[in-house]
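The structure appears right after this line, and notes come after that.
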Amino acid sequence: MRRILSLLVLIAGFITALSVQAATLWKIDHPRSRLGFVATWQESEFQGVFQKFHAQILFDEKNLEKSRFEVEVDVTSADTRSPDRDEAMARPEWFFYSRFPAAHFTTRSIRRLENNRYLAEGELLLKGITHPLALPFIWQQSGDTARMKGETVIQRTDFRIGEGEWSSGEMIGLDVKLTVELHLTR
Amino acid sequence: MPPETNRESWNGVAKGLHWLIALLVLALFVLGWTATSWPLSPTKLKLFFWHKSLGITVLGLVLLRILWRVAHQRPPLPPSMPRWECYAAEASHLLLYGLLLAMPLSGWVINAAANFPLKVFGLFTLPAIVAPDKALQSVAQTVHLTLFWLFASLLVLHIGAALRHHIVLRDNVLRSMLPTARRDKSP
Ligand code: HEM
Ligand code: HEM
């Protein structure tokens with residue numbers, strides 16, 4: 001009886017170990033990681049970063065089924081190194097900070113494209129509007145550290161970012177490139 | 001031929017640049033004020049886009065004009081003019097050139113300190129001349145505005161002087177700068 005019990009415990013432990021390995025939880029090295037965007041202003045590009053975000057990164061190249069990203073972005077931490085512009089971003093016609101301070105990205109599936117290139121598909125919730133988002137990314141892993149890097153382009157008007165006159169895209173372009181670079185450890 | 005009315009005209013290049021720059025500066029005053037008071041909207045950004053593009057154009061034209069000026073002889077002032085008036089004319093012209101440089105440069109500093117891009121007419125991007133810096137931005141804004149008032153006051157004098165030459169003194173100083181006058185001795 002005791003033997004069977006210990007065997008069961010062993011098996012249970014083994015399964016737990018397996019399942020933990022099946023979807024490794026990665027920790028973000030925040031100082032080295034960057035969640036940013038590139039937009040256009042008066043016909044040239046400018047960059048910004050979201051200084052605060054959390055993410056649960058479950059990733060295993062051998063078990064993409066169980067791999068999953070859940071990202072929460074503090075939209076109000078956006079910084080384009082231009083106080084005038086940053087102030088304007090808080091307004092209702094832009095990000096409406098007071099009502100929609102957070103954005104969420106949750107993946108539905110992650111699949112391999114080729115070698116270390118993958119595609120994460122999911123939903124982005126921004127300014128109260130949910131839209132599908134596909135994020136191609138590169139995953140470079142060596143031992144217990146990894147680097148994830150990706151970018152994708154969204155239409156800001158899909159999320160009613162820049163309403164009224166701003167929705168024409170004149171002077172502030174409609175395409176916004178999202179860029180992500182994460183340094184991770186497990 | 002009374003000597004004070006016989007003066008060579010400014011050469012075509014000098015005239016062309018003088019009036020082109022004068023026209024642009026006028027447009028810049030209007031654009032600057034309109035843009036500043038316009039509520040935040042694409043139109044405001046567009047007004048600034050034109051203000052900045054034309055302002056940089058003035059900077060380029062003024063540099064050309066200064067180059068041209070140091071390489072050429074200016075037509076002499078009427079010999080009847082008192083010496084102090086000649087000095088005053090020289091000094092005010094020098095100051096005008098200084099302002100024609102300082103206005104766009106201070107504007108460029110505002111723009112760079114505010115971390116706004118500077119793509120002139122949407123064609124080419126000029127580098128930021130200073131790093132983003134809120135404090136520097138407000139200093140440059142004050143400078144730009146103060147220089148504007150100085151510029152506007154000096155232009156009142158400048159235009160007043162030109163009209164005085166024409167109407168009161170009845171010499172050809174104004175005509176020497178008008179597009180119609182040829183290089184020959186006039187009238
Ligand atoms: C000869 C050239 C220029 C003239 C005569 C001129 C004139 C003016 C005037 C009259 C104003 C409104 C008053 C004020 O708020 O200061 C203004 C504002 C402004 N100008 Fe210019 N400007 C010139 C060139 C430039 C250039 C080249 C730039 C940028 C690259 C520039 C950027 C600005 C900015 C950003 C403002 C708004 C300042 C504020 O918000 O206080 N300007 N300008
Ligand atoms: C924004 C407007 C203007 C600017 C920035 C400006 C600037 C200048 C400058 C820098 C000079 C000196 C040229 C040199 O010595 O190389 C000059 C000469 C002159 N300007 Fe203007 N000007 C303006 C408008 C006007 C207007 C509206 C008039 C006429 C009503 C005028 C009449 C003249 C005349 C007659 C001269 C020749 C003076 C001489 O022979 O010494 N200017 N201007």
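To be explicit about the labels: the chains of the structure tokens are called A, B, and onward in the order shown, and within each one the residues are counted from 1, while ligands get numbers from 1 in the order they are shown.
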| said: For ligand 1, return the neighbouring residues as number ranges by chain (distance at most 9 Å; only C-alpha atoms and all ligand atoms). | reply: B: 21, 24-37, 48-49, 51-59, 99-112, 114, 116-118, 120, 137-138, 140-149, 151-152
| message | DSSP on the backbone, alpha helix (DSSP H) only: what residues of chain A does that give? Format it as a PyMOL selection string. | response | chain A and resi 2-22+83-89
Writing out the chosen residues with C-alpha atoms as a CSV table (one decimal), in the first residue's frame:
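Produced file out16.csv, reproduced below:
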```
chain,number,residue,atom,x,y,z
A,2,ARG,CA,2.7,2.4,1.0
A,3,ARG,CA,4.6,1.5,-2.1
A,4,ILE,CA,1.7,2.2,-4.3
A,5,LEU,CA,1.1,5.5,-2.6
A,6,SER,CA,4.7,6.6,-3.1
A,7,LEU,CA,4.6,5.5,-6.6
A,8,LEU,CA,1.5,7.6,-7.1
A,9,VAL,CA,3.1,10.6,-5.5
A,10,LEU,CA,6.1,10.0,-7.8
A,11,ILE,CA,3.9,9.9,-10.9
A,12,ALA,CA,1.9,12.9,-9.8
A,13,GLY,CA,5.2,14.8,-9.3
A,14,PHE,CA,6.4,13.7,-12.6
A,15,ILE,CA,3.3,14.9,-14.4
A,16,THR,CA,3.4,18.2,-12.6
A,17,ALA,CA,7.0,18.6,-13.6
A,18,LEU,CA,6.1,17.8,-17.2
A,19,SER,CA,3.2,20.2,-17.3
A,20,VAL,CA,5.3,23.0,-15.8
A,21,GLN,CA,7.9,22.3,-18.5
A,22,ALA,CA,5.2,22.2,-21.1
A,83,PRO,CA,5.3,66.9,-23.0
A,84,ASP,CA,3.0,68.7,-25.3
A,85,ARG,CA,2.2,65.6,-27.3
A,86,ASP,CA,2.0,63.4,-24.3
A,87,GLU,CA,-0.5,65.7,-22.8
A,88,ALA,CA,-2.7,65.6,-25.9
A,89,MET,CA,-2.6,61.8,-25.9
```
| message | Distance limit 6 Å, reference ligand 2, atoms considered: only C-alpha atoms and all ligand atoms. Which residues make the cut? Give them as a list in words. | response | Ala22, Val25, Leu26, Arg69, His93, Leu96, Tyr97, Ile159, Ala162, Val173, Leu174 and Met177 of chain B
Let me see the file: selected residues, N, CA, C and O atoms, as a tab-separated table (two decimals), in the first residue's frame.
```
chain	number	residue	atom	x	y	z
B	22	ALA	N	10.77	89.30	-47.86
B	22	ALA	CA	9.78	90.17	-47.21
B	22	ALA	C	8.38	89.52	-47.24
B	22	ALA	O	7.66	89.50	-46.24
B	25	VAL	N	8.31	86.52	-44.87
B	25	VAL	CA	8.28	86.94	-43.46
B	25	VAL	C	6.87	87.38	-43.07
B	25	VAL	O	6.36	87.01	-42.01
B	26	LEU	N	6.23	88.10	-43.98
B	26	LEU	CA	4.85	88.52	-43.71
B	26	LEU	C	3.96	87.29	-43.53
B	26	LEU	O	3.17	87.20	-42.58
B	69	ARG	N	25.61	89.33	-50.60
B	69	ARG	CA	25.86	90.68	-50.14
B	69	ARG	C	27.34	90.94	-49.85
B	69	ARG	O	27.87	92.00	-50.18
B	93	HIS	N	19.96	97.66	-40.88
B	93	HIS	CA	20.01	96.56	-41.85
B	93	HIS	C	20.74	95.35	-41.27
B	93	HIS	O	20.33	94.22	-41.46
B	96	LEU	N	18.44	93.70	-38.98
B	96	LEU	CA	17.43	92.95	-39.74
B	96	LEU	C	18.00	91.60	-40.18
B	96	LEU	O	17.33	90.57	-40.06
B	97	TYR	N	19.24	91.62	-40.67
B	97	TYR	CA	19.86	90.35	-41.06
B	97	TYR	C	19.98	89.42	-39.85
B	97	TYR	O	19.71	88.22	-39.95
B	159	ILE	N	10.23	100.40	-42.92
B	159	ILE	CA	9.26	100.79	-43.95
B	159	ILE	C	9.00	102.30	-43.87
B	159	ILE	O	8.92	102.99	-44.89
B	162	ALA	N	11.84	103.99	-45.54
B	162	ALA	CA	11.75	103.85	-47.00
B	162	ALA	C	10.72	104.85	-47.55
B	162	ALA	O	10.97	105.51	-48.57
B	173	VAL	N	15.84	106.15	-53.06
B	173	VAL	CA	16.24	105.01	-52.24
B	173	VAL	C	15.21	103.88	-52.35
B	173	VAL	O	15.57	102.72	-52.56
B	174	LEU	N	13.94	104.23	-52.24
B	174	LEU	CA	12.91	103.20	-52.34
B	174	LEU	C	12.88	102.62	-53.76
B	174	LEU	O	12.86	101.41	-53.94
B	177	MET	N	15.13	99.85	-54.85
B	177	MET	CA	14.83	98.48	-54.43
B	177	MET	C	13.58	97.94	-55.11
B	177	MET	O	13.27	96.77	-55.00
```
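The residue that comes closest to chain A, out of B:Trp19, B:Trp84, B:Trp10, B:Trp50 and on the basis of only C-alpha atoms, is B:Trp50.
Reported to one decimal place, the separation of CA of Thr125 (chain B) from CA of His18 (chain B) is 26.6 Å.
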| task | Give me, as a PyMOL selection string, the contact residues of chain B against chain A at a cut-off of 6 Å, counting only C-alpha atoms. | result | chain B and resi 42+114-115+122
Grab the residues selected above and save them as a short mmCIF file (atom, residue, chain, number, x, y, z; two decimals), in the first residue's frame with N, CA and C atoms.
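Contents of part31.cif, freshly written:
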```cif
data_model
loop_
_atom_site.label_atom_id
_atom_site.label_comp_id
_atom_site.auth_asym_id
_atom_site.auth_seq_id
_atom_site.Cartn_x
_atom_site.Cartn_y
_atom_site.Cartn_z
N PRO B 42 -5.92 68.89 -36.67
CA PRO B 42 -5.02 68.70 -37.81
C PRO B 42 -4.68 70.04 -38.48
N ALA B 114 10.95 70.52 -28.22
CA ALA B 114 9.64 69.92 -28.01
C ALA B 114 9.60 68.50 -28.58
N ASN B 115 10.70 68.07 -29.18
CA ASN B 115 10.80 66.75 -29.81
C ASN B 115 9.78 66.55 -30.92
N GLY B 122 7.56 68.29 -46.10
CA GLY B 122 7.40 66.84 -46.23
C GLY B 122 8.44 66.22 -47.15
#
```
| field | Distance query Gln140 (chain A) at most 10 Å, only C-alpha atoms, self and fewer than 6 positions along chain excluded, as a ChimeraX atom specification | value | /A:116-117,146-149,183
| remark: Min atom-atom distance to Leu64 (chain B) from the set B:Ala135, B:Ile129, B:Leu17, B:Leu169, counting only C-alpha atoms, belongs to B:Leu17
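Among the candidates A:Thr179, A:Glu61, A:Arg156, A:Gly128, the residue lying nearest to Glu114 (chain A) is A:Glu61 (atoms considered: only C-alpha atoms).
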| request: List the neighbours of Asp74 (chain A) out to 8 Å using only C-alpha atoms; skip same-chain residues closer than 6 positions along the sequence, and give me the result as JSON, numbers by chain. | output: {"A": [50, 51, 52, 53, 101, 102, 103]}
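Between CA of Gly60 (chain B) and CA of Cys86 (chain B) there is a distance of 27.9 Å.
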Leaving out Leu135 (chain A) and any residue of its chain fewer than 5 positions from it, which residues lie within 9 Å of it when counting only C-alpha atoms, given as a compact mmCIF listing (two decimals) with N, CA and C atoms, in the first residue's frame?
```txt
# COMPACT_ATOMS: atom_id res chain seq x y z
N TYR A 118 7.83 33.07 -35.25
CA TYR A 118 6.51 32.58 -34.85
C TYR A 118 5.45 33.63 -35.13
N LEU A 119 4.21 33.21 -35.06
CA LEU A 119 3.11 34.15 -35.20
C LEU A 119 2.14 33.96 -34.04
N ALA A 120 1.96 35.03 -33.28
CA ALA A 120 0.99 34.99 -32.19
C ALA A 120 -0.28 35.68 -32.69
N GLU A 121 -1.40 35.00 -32.55
CA GLU A 121 -2.66 35.62 -32.95
C GLU A 121 -3.57 35.72 -31.74
N GLY A 122 -4.19 36.86 -31.62
CA GLY A 122 -5.05 37.04 -30.46
C GLY A 122 -5.89 38.28 -30.59
N GLY A 150 9.33 41.47 -31.76
CA GLY A 150 8.32 41.44 -32.81
C GLY A 150 7.78 42.82 -33.12
N GLU A 151 7.11 42.92 -34.24
CA GLU A 151 6.43 44.17 -34.54
C GLU A 151 5.26 43.91 -35.47
N THR A 152 4.28 44.79 -35.38
CA THR A 152 3.11 44.68 -36.23
C THR A 152 2.52 46.06 -36.39
N VAL A 153 1.68 46.21 -37.41
CA VAL A 153 1.10 47.52 -37.68
C VAL A 153 -0.40 47.47 -37.42
```
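Take CA of Arg68 (chain A) and CA of Phe105 (chain A): the distance between them is 10.5 Å.
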